[in-house]
Number of protein chains: 2
Amino acid sequence: MNHIPQSITNLINQFAKLPGIGQKTASRLTYYLLRKSGQDVLDFGQAMTNLKKNLISCSRCHNYANQDPCSICQDPKRDPQTICVIEQPLDIIAVEKTGFKGHYHVLHGALAPIEGIGPEHLTLENLKNKVNNNDMFELIIATNPNLEGEATAIYIQNMLSDQNIKITRLAFGLPMGIDLEYTDEITLTKAFEGRK
Amino acid sequence: MNHIPQSITNLINQFAKLPGIGQKTASRLTYYLLRKSGQDVLDFGQAMTNLKKNLISCSRCHNYANQDPCSICQDPKRDPQTICVIEQPLDIIAVEKTGFKGHYHVLHGALAPIEGIGPEHLTLENLKNKVNNNDMFELIIATNPNLEGEATAIYIQNMLSDQNIKITRLAFGLPMGIDLEYTDEITLTKAFEGRK
């Protein structure tokens, strides 16, 4: 890569740092941008540079926001008595599409002792305070269906066991549109257990 | 996406414009960057903004360069009598890895009449002048092995048929490491034709 201008290799290296993007894809994306107009590339750079400007963490739900509390926590049309607990802010995009109209609580991770992520690294203390101080009705735990997500869900259930609050978890079972023969046995077992 | 801060949706939309990156991947990449330090994100934005700064097109080979002629055309260790004709500047990265030590000529595309790309849109005139004015020995046509690349290769061969110059094409045949039974019939036919 000796003969490639520095500004090109710089951007290739930046793209290659992104998850799921290797050196080849990074090169392809960079050379794609080289064929675009200068303004298009500047707009992209500007969007990147501005990403974190004026961005704060909502003190109630810990989601990224422009004001505190965030627009979801402030929305009078949403139900503050129902709170959906999620691992990452990105999960909100998926949950919003279901038409959920409650509030959120972003944990910013899941318990992973092997990686050194304990309860103190998540926003669990804040969740406990929120449940203590608010007239809450239902806490929906929507952590990911994997080892870390399961552990986190159980930890939250134990942490709040003395509270007068309904704690639910998202249902496990068959994803829509799948063929039964291709379903893994853990999912199928969960689907049997959850039958109604 | 009403409740997502504008700076986040802006970057998602920019990522989603890239080839092979849909809305979901764009969101994932953006939220990945949100977890990175502010400096990392600024560096990425800076690399993007600086991409086209001081970048020119080499007047000899039409590759992106910082100076004219570019570092490849200026390199005394490279052979100016052998020129490899490629469609895009990105192809140089691949060819360089083979250890090729000649010069390049970037066409910036391939003939595609249906999409309205004719000979006048490529750097063919310049290639002709180069062959006329230089003491050249071999022109290696390394256009892509598809319809447009083939058409471009044939066009160049015809254009330079009156010149005293050796014109070659990259060999077609089996890619290394593949199983014969998975090879498509056109590739296999080419491999038979090119047997030696």
# chains A, B, ... in the order shown; residues from 1 in each chain; ligands from 1
>>> residues_around(residues="Lys166 of chain B", least_positions_apart="3", cutoff="8 Å", atoms="only C-alpha atoms", output="ChimeraX atom specification")
/B:137-139
>>> select_by_dssp(residues="segment 72-193 of chain A", states="alpha helix (DSSP H)", output="compact mmCIF listing (two decimals) with N, CA and C atoms, in the first residue's frame")
# COMPACT_ATOMS: atom_id res chain seq x y z
N ILE A 72 -38.39 10.80 25.09
CA ILE A 72 -39.27 9.68 25.46
C ILE A 72 -39.74 9.85 26.90
N CYS A 73 -38.82 10.16 27.82
CA CYS A 73 -39.18 10.33 29.24
C CYS A 73 -40.10 11.54 29.44
N GLN A 74 -40.01 12.51 28.53
CA GLN A 74 -40.83 13.71 28.66
C GLN A 74 -42.19 13.58 27.99
N LEU A 90 -29.39 1.01 21.20
CA LEU A 90 -29.80 0.55 19.87
C LEU A 90 -31.06 -0.31 19.93
N ASP A 91 -31.24 -1.02 21.06
CA ASP A 91 -32.40 -1.89 21.20
C ASP A 91 -33.71 -1.11 21.15
N ILE A 92 -33.64 0.19 21.51
CA ILE A 92 -34.85 1.02 21.51
C ILE A 92 -35.45 1.07 20.10
N ILE A 93 -34.59 1.14 19.09
CA ILE A 93 -35.08 1.21 17.71
C ILE A 93 -35.97 0.01 17.42
N ALA A 94 -35.50 -1.18 17.84
CA ALA A 94 -36.27 -2.41 17.58
C ALA A 94 -37.57 -2.41 18.38
N VAL A 95 -37.50 -2.05 19.66
CA VAL A 95 -38.69 -2.10 20.51
C VAL A 95 -39.72 -1.05 20.07
N GLU A 96 -39.24 0.13 19.67
CA GLU A 96 -40.16 1.19 19.21
C GLU A 96 -41.03 0.71 18.04
N LEU A 124 -27.78 -0.34 37.22
CA LEU A 124 -28.73 -1.09 38.05
C LEU A 124 -29.15 -0.31 39.30
N GLU A 125 -28.18 0.41 39.91
CA GLU A 125 -28.49 1.20 41.10
C GLU A 125 -29.59 2.20 40.81
N ASN A 126 -29.44 2.82 39.66
CA ASN A 126 -30.41 3.82 39.22
C ASN A 126 -31.78 3.19 38.97
N LEU A 127 -31.75 1.97 38.44
CA LEU A 127 -33.02 1.26 38.20
C LEU A 127 -33.74 0.98 39.51
N LYS A 128 -32.95 0.57 40.52
CA LYS A 128 -33.50 0.27 41.84
C LYS A 128 -34.14 1.53 42.45
N ASN A 129 -33.41 2.65 42.37
CA ASN A 129 -33.94 3.91 42.88
C ASN A 129 -35.23 4.30 42.17
N LYS A 130 -35.23 4.08 40.86
CA LYS A 130 -36.39 4.45 40.07
C LYS A 130 -37.62 3.67 40.53
N VAL A 131 -37.40 2.36 40.74
CA VAL A 131 -38.51 1.50 41.17
C VAL A 131 -38.97 1.89 42.58
N ASN A 132 -37.99 2.22 43.45
CA ASN A 132 -38.32 2.64 44.82
C ASN A 132 -39.16 3.90 44.85
N ASN A 133 -38.76 4.88 44.02
CA ASN A 133 -39.32 6.22 44.13
C ASN A 133 -40.53 6.47 43.25
N LEU A 147 -26.50 -15.98 27.43
CA LEU A 147 -26.04 -16.20 28.80
C LEU A 147 -26.01 -14.91 29.62
N GLU A 148 -25.39 -13.86 29.07
CA GLU A 148 -25.24 -12.60 29.79
C GLU A 148 -26.61 -11.95 30.04
N GLY A 149 -27.45 -11.99 29.02
CA GLY A 149 -28.78 -11.39 29.15
C GLY A 149 -29.63 -12.11 30.19
N GLU A 150 -29.53 -13.44 30.20
CA GLU A 150 -30.25 -14.26 31.18
C GLU A 150 -29.79 -13.94 32.60
N ALA A 151 -28.46 -13.90 32.77
CA ALA A 151 -27.89 -13.62 34.09
C ALA A 151 -28.35 -12.25 34.58
N THR A 152 -28.35 -11.29 33.68
CA THR A 152 -28.77 -9.93 34.04
C THR A 152 -30.24 -9.90 34.44
N ALA A 153 -31.06 -10.63 33.69
CA ALA A 153 -32.49 -10.67 33.99
C ALA A 153 -32.73 -11.26 35.38
N ILE A 154 -32.04 -12.37 35.66
CA ILE A 154 -32.21 -13.01 36.97
C ILE A 154 -31.73 -12.08 38.09
N TYR A 155 -30.61 -11.40 37.84
CA TYR A 155 -30.07 -10.46 38.84
C TYR A 155 -31.09 -9.37 39.15
N ILE A 156 -31.73 -8.83 38.11
CA ILE A 156 -32.71 -7.75 38.30
C ILE A 156 -33.92 -8.28 39.07
N GLN A 157 -34.36 -9.49 38.71
CA GLN A 157 -35.51 -10.08 39.41
C GLN A 157 -35.22 -10.24 40.91
N ASN A 158 -34.01 -10.72 41.24
CA ASN A 158 -33.62 -10.86 42.64
C ASN A 158 -33.52 -9.51 43.33
N MET A 159 -32.92 -8.56 42.61
CA MET A 159 -32.67 -7.23 43.18
C MET A 159 -33.99 -6.55 43.57
N GLU A 185 -32.58 -26.74 19.48
CA GLU A 185 -33.34 -27.45 20.50
C GLU A 185 -33.65 -26.58 21.72
N ILE A 186 -32.79 -25.62 22.02
CA ILE A 186 -33.06 -24.76 23.19
C ILE A 186 -34.28 -23.89 22.91
N THR A 187 -34.33 -23.31 21.71
CA THR A 187 -35.47 -22.49 21.33
C THR A 187 -36.75 -23.32 21.34
N LEU A 188 -36.65 -24.53 20.79
CA LEU A 188 -37.83 -25.39 20.71
C LEU A 188 -38.31 -25.79 22.11
N THR A 189 -37.35 -26.08 23.00
CA THR A 189 -37.70 -26.39 24.39
C THR A 189 -38.42 -25.22 25.04
N LYS A 190 -37.87 -24.00 24.81
CA LYS A 190 -38.49 -22.79 25.36
C LYS A 190 -39.90 -22.61 24.79
N ALA A 191 -40.05 -22.94 23.51
CA ALA A 191 -41.37 -22.78 22.87
C ALA A 191 -42.38 -23.75 23.48
N PHE A 192 -41.92 -24.98 23.82
CA PHE A 192 -42.79 -25.96 24.49
C PHE A 192 -43.19 -25.46 25.87
N GLU A 193 -42.17 -25.01 26.61
CA GLU A 193 -42.41 -24.52 27.97
C GLU A 193 -43.39 -23.35 27.97
>>> residues_around(residues="segment 8-21 of chain A", least_positions_apart="5", cutoff="8 Å", atoms="only C-alpha atoms", output="list in words")
Met1, Ala26, Ser27, Leu29 and Thr30 of chain A; Leu29, Tyr32, Phe44, Ala47, Met48 and Leu51 of chain B
>>> closest_residue(among="B:Thr143, B:Gln39, B:Asn66, B:Thr25", to="chain A", atoms="only C-alpha atoms")
B:Asn66
>>> atom_distance(atom1="atom CA of Leu122 of chain B", atom2="atom CA of Gly38 of chain A")
20.4 Å
>>> select_by_dssp(residues="segment 3-193 of chain B", states="strand (DSSP E)", output="MDAnalysis selection string")
chainID B and resid 56:57 64:65 79:86 102:106 138:141 166:169
>>> closest_residue(among="B:Leu34, B:Cys84, B:Ile117, B:Asn134", to="Leu170 of chain B", atoms="only C-alpha atoms")
B:Cys84
>>> closest_residue(among="B:Thr168, B:Asn54, B:Gln163, B:Ser7", to="chain A", atoms="only C-alpha atoms")
B:Ser7
>>> residues_around(residues="His121 of chain B", least_positions_apart="3", cutoff="10 Å", atoms="only C-alpha atoms", output="PDB file with C-alpha atoms, in the first residue's frame")
ATOM      1  CA  LEU B 107      -9.900   3.679 -17.176  1.00  0.00           C
ATOM      2  CA  HIS B 108     -12.286   4.867 -14.438  1.00  0.00           C
ATOM      3  CA  GLY B 109     -15.003   2.522 -15.617  1.00  0.00           C
ATOM      4  CA  ALA B 110     -15.866   0.050 -18.354  1.00  0.00           C
ATOM      5  CA  LEU B 111     -17.952   0.329 -21.506  1.00  0.00           C
ATOM      6  CA  GLY B 116     -24.813   5.248 -21.293  1.00  0.00           C
ATOM      7  CA  ILE B 117     -21.096   4.768 -20.652  1.00  0.00           C
ATOM      8  CA  GLY B 118     -19.291   5.035 -23.983  1.00  0.00           C
ATOM      9  CA  LEU B 124      -9.181   5.770 -23.646  1.00  0.00           C
ATOM     10  CA  GLU B 125      -8.038   8.783 -25.675  1.00  0.00           C
TER      11      GLU B 125
END
>>> atom_distance(atom1="atom CA of Ile86 of chain B", atom2="atom CA of Ala142 of chain B")
5.2 Å
